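Scroll down for the structure; my scribbles are underneath it.
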Amino acid sequence: MDEFGYSAEPLQLTSSLANTFGQGDIYLDSPKPPLVKDYSLIYVPAPEPIVVKVHDIISILVDEKSSVTIDSRYNRNRSETLKAELKEFLRIDEAGNLAPAALNSPKIDAQLQGRLQSTGQVEDREGIQYRIAAIVVDIRPNGNLILEARKSIRTNRDVWEYRLTGEIRSKDVNRDNSALSENIANLDIVKHQRGKVYESTKRPWGVILYDLIFPF
């Protein structure tokens, strides 16, 4: 013991002190507690994260829906009234003298009323749903994937073409290399159709010209 009452002998590290300071596993050879995977019969290890590389193919489920509803009303009222009475007016009689011309005070009474009421309602619903395979053309430094897809279907003389481009996060890609279109940023979908079926749905040019000349 020194003059201050402290012992100069080194302190012996025991199991109780080691556990008190949280160092039991470092300084003592105490066994570690068992994990769930060591004794559980139904333990399933967590799946390893998938690694997507450039030129990999990802299946995109496109499911886009849009709905537009417009309801407009327009009312206009117009009313005009015109009244005129001719009480005095001069004329030259047969003798060459001035005489009143309006003997019976002729009157003019006009009334104009107008009313316009317009009510319109437009409801438009559109949806598109299909599956398309996209190719990873680039990977951003933050891990986002740049996708590009093109699909063409030909039936006799009819052609349907689908194109898709966008950017998606790596974690939004499922383990089966599939993803939803709602998770794609800067999504650009182009659908083009040509052929007999499409031409049959177009209006004749005469009807278009008639609508331009007489729109109402």
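Labels for the structure tokens follow display order: chains A, B, ..., residues from 1 in each chain, ligands from 1.
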Q.
When DSSP is applied to the backbone of this structure, which of range 27-198 of chain A are assigned strand (DSSP E)? Write them out as a ChimeraX atom specification.
A. /A:57-85,90-92,98-100,107-139,145-155,158-168,178-180,185-194
Q. Which residues, written as number ranges by chain, have at least one atom at most 10 Å from Ala149 in chain A, with only C-alpha atoms counted and residues fewer than 4 positions away on the same chain left out?
A. A: 57-60, 132-137, 162-166, 189
Q.
Considering only helix (DSSP H, G or I) as DSSP defines it on the backbone, what residues of range 117-209 of chain A qualify? List them as an MDAnalysis selection string.
A. chainID A and resid 170:172 181:183 196:200 205:209
Export, as a compact mmCIF listing (two decimals), in the first residue's frame, the selected residues with N, CA, C and O atoms.
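Output saved as result.txt:
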# COMPACT_ATOMS: atom_id res chain seq x y z
N SER A 170 -31.58 -1.09 -58.22
CA SER A 170 -31.23 -2.51 -58.21
C SER A 170 -32.09 -3.29 -57.22
O SER A 170 -32.46 -4.44 -57.47
N LYS A 171 -32.46 -2.68 -56.10
CA LYS A 171 -33.25 -3.39 -55.09
C LYS A 171 -34.69 -3.57 -55.52
O LYS A 171 -35.42 -4.34 -54.88
N ASP A 172 -35.15 -2.89 -56.55
CA ASP A 172 -36.51 -3.07 -57.06
C ASP A 172 -36.61 -4.23 -58.04
O ASP A 172 -37.71 -4.51 -58.53
N SER A 181 -43.36 -1.81 -63.76
CA SER A 181 -43.15 -0.54 -64.46
C SER A 181 -43.35 0.66 -63.54
O SER A 181 -42.81 1.73 -63.78
N GLU A 182 -44.13 0.49 -62.46
CA GLU A 182 -44.37 1.60 -61.55
C GLU A 182 -43.12 1.99 -60.77
O GLU A 182 -43.06 3.08 -60.20
N ASN A 183 -42.10 1.13 -60.74
CA ASN A 183 -40.85 1.43 -60.04
C ASN A 183 -39.79 2.01 -60.96
O ASN A 183 -38.67 2.25 -60.52
N LYS A 196 -53.74 -3.17 -91.71
CA LYS A 196 -55.15 -3.10 -92.11
C LYS A 196 -56.07 -2.83 -90.94
O LYS A 196 -57.03 -2.08 -91.05
N VAL A 197 -55.79 -3.46 -89.82
CA VAL A 197 -56.65 -3.27 -88.65
C VAL A 197 -56.62 -1.81 -88.19
O VAL A 197 -57.65 -1.21 -87.88
N TYR A 198 -55.44 -1.22 -88.18
CA TYR A 198 -55.33 0.18 -87.75
C TYR A 198 -55.96 1.11 -88.78
O TYR A 198 -56.62 2.09 -88.42
N GLU A 199 -55.78 0.84 -90.05
CA GLU A 199 -56.35 1.70 -91.08
C GLU A 199 -57.87 1.66 -91.06
O GLU A 199 -58.53 2.65 -91.38
N SER A 200 -58.46 0.54 -90.68
CA SER A 200 -59.92 0.43 -90.65
C SER A 200 -60.54 1.27 -89.54
O SER A 200 -61.73 1.58 -89.58
N TRP A 205 -61.04 10.84 -94.94
CA TRP A 205 -60.62 12.24 -95.02
C TRP A 205 -61.80 13.16 -95.26
O TRP A 205 -61.77 14.33 -94.88
N GLY A 206 -62.87 12.66 -95.90
CA GLY A 206 -64.05 13.49 -96.10
C GLY A 206 -64.74 13.86 -94.80
O GLY A 206 -65.20 15.00 -94.60
N VAL A 207 -64.79 12.90 -93.87
CA VAL A 207 -65.38 13.18 -92.57
C VAL A 207 -64.52 14.18 -91.80
O VAL A 207 -65.03 15.08 -91.12
N ILE A 208 -63.21 14.05 -91.91
CA ILE A 208 -62.32 15.00 -91.24
C ILE A 208 -62.50 16.40 -91.79
O ILE A 208 -62.56 17.40 -91.05
N LEU A 209 -62.62 16.53 -93.12
CA LEU A 209 -62.82 17.83 -93.74
C LEU A 209 -64.16 18.42 -93.35
O LEU A 209 -64.27 19.63 -93.09
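The space between CA of Leu145 in chain A and CA of Glu48 in chain A spans 19.0 Å.
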Q: Calculate how many Å separate CA of Asp176 in chain A from CA of Leu61 in chain A, rounding to one decimal.
A: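 Between CA of Asp176 in chain A and CA of Leu61 in chain A the gap is 12.5 Å.
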Q) At what distance in Å, to one decimal, does CA of Glu167 in chain A lie from CA of Arg125 in chain A? A)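 A separation of 26.4 Å between them.
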(Q) Could you list, as number ranges by chain, every residue within 6 Å of Asn144 in chain A, counting only C-alpha atoms and ignoring same-chain residues fewer than 5 positions away? (A) A: 139, 168-170
Q: Would you mind listing what lies within 8 Å of range 107-117 of chain A as a list in words, with only C-alpha atoms counted and same-chain residues fewer than 5 positions away left out?
A: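 Final neighbour list, sorted by chain and number: Arg73, Tyr74, Asn75, Arg76, Asn77, Arg78, Ser79, Glu80, Thr81, Leu82, Lys83, Ala84, Glu85 and Leu86 of chain A.
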Could you turn the residues from that selection into a file that holds N, CA and C atoms, as a tab-separated table (two decimals), in the first residue's frame?
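Saved file again_12.tsv follows:
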chain	number	residue	atom	x	y	z
A	73	ARG	N	-69.71	23.49	-67.17
A	73	ARG	CA	-71.03	24.09	-67.38
A	73	ARG	C	-70.86	25.56	-67.73
A	74	TYR	N	-71.72	26.04	-68.64
A	74	TYR	CA	-71.61	27.42	-69.10
A	74	TYR	C	-73.02	27.96	-69.32
A	75	ASN	N	-73.34	29.05	-68.65
A	75	ASN	CA	-74.65	29.70	-68.78
A	75	ASN	C	-74.45	31.16	-69.16
A	76	ARG	N	-75.31	31.64	-70.08
A	76	ARG	CA	-75.25	33.05	-70.48
A	76	ARG	C	-76.67	33.53	-70.79
A	77	ASN	N	-77.03	34.63	-70.19
A	77	ASN	CA	-78.34	35.24	-70.42
A	77	ASN	C	-78.14	36.66	-70.96
A	78	ARG	N	-79.00	37.02	-71.90
A	78	ARG	CA	-78.91	38.34	-72.52
A	78	ARG	C	-80.32	38.84	-72.82
A	79	SER	N	-80.62	40.08	-72.40
A	79	SER	CA	-81.95	40.64	-72.60
A	79	SER	C	-81.81	42.11	-72.98
A	80	GLU	N	-82.51	42.53	-74.04
A	80	GLU	CA	-82.46	43.91	-74.52
A	80	GLU	C	-83.88	44.37	-74.84
A	81	THR	N	-84.15	45.59	-74.55
A	81	THR	CA	-85.46	46.20	-74.82
A	81	THR	C	-85.24	47.58	-75.46
A	82	LEU	N	-85.96	47.85	-76.54
A	82	LEU	CA	-85.85	49.11	-77.27
A	82	LEU	C	-87.26	49.67	-77.48
A	83	LYS	N	-87.46	50.87	-77.00
A	83	LYS	CA	-88.74	51.55	-77.18
A	83	LYS	C	-88.49	52.94	-77.78
A	84	ALA	N	-89.26	53.28	-78.82
A	84	ALA	CA	-89.13	54.59	-79.48
A	84	ALA	C	-90.52	55.11	-79.83
A	85	GLU	N	-90.71	56.39	-79.62
A	85	GLU	CA	-92.01	57.03	-79.92
A	85	GLU	C	-91.76	58.33	-80.66
A	86	LEU	N	-92.43	58.49	-81.80
A	86	LEU	CA	-92.28	59.68	-82.64
A	86	LEU	C	-93.49	60.58	-82.41
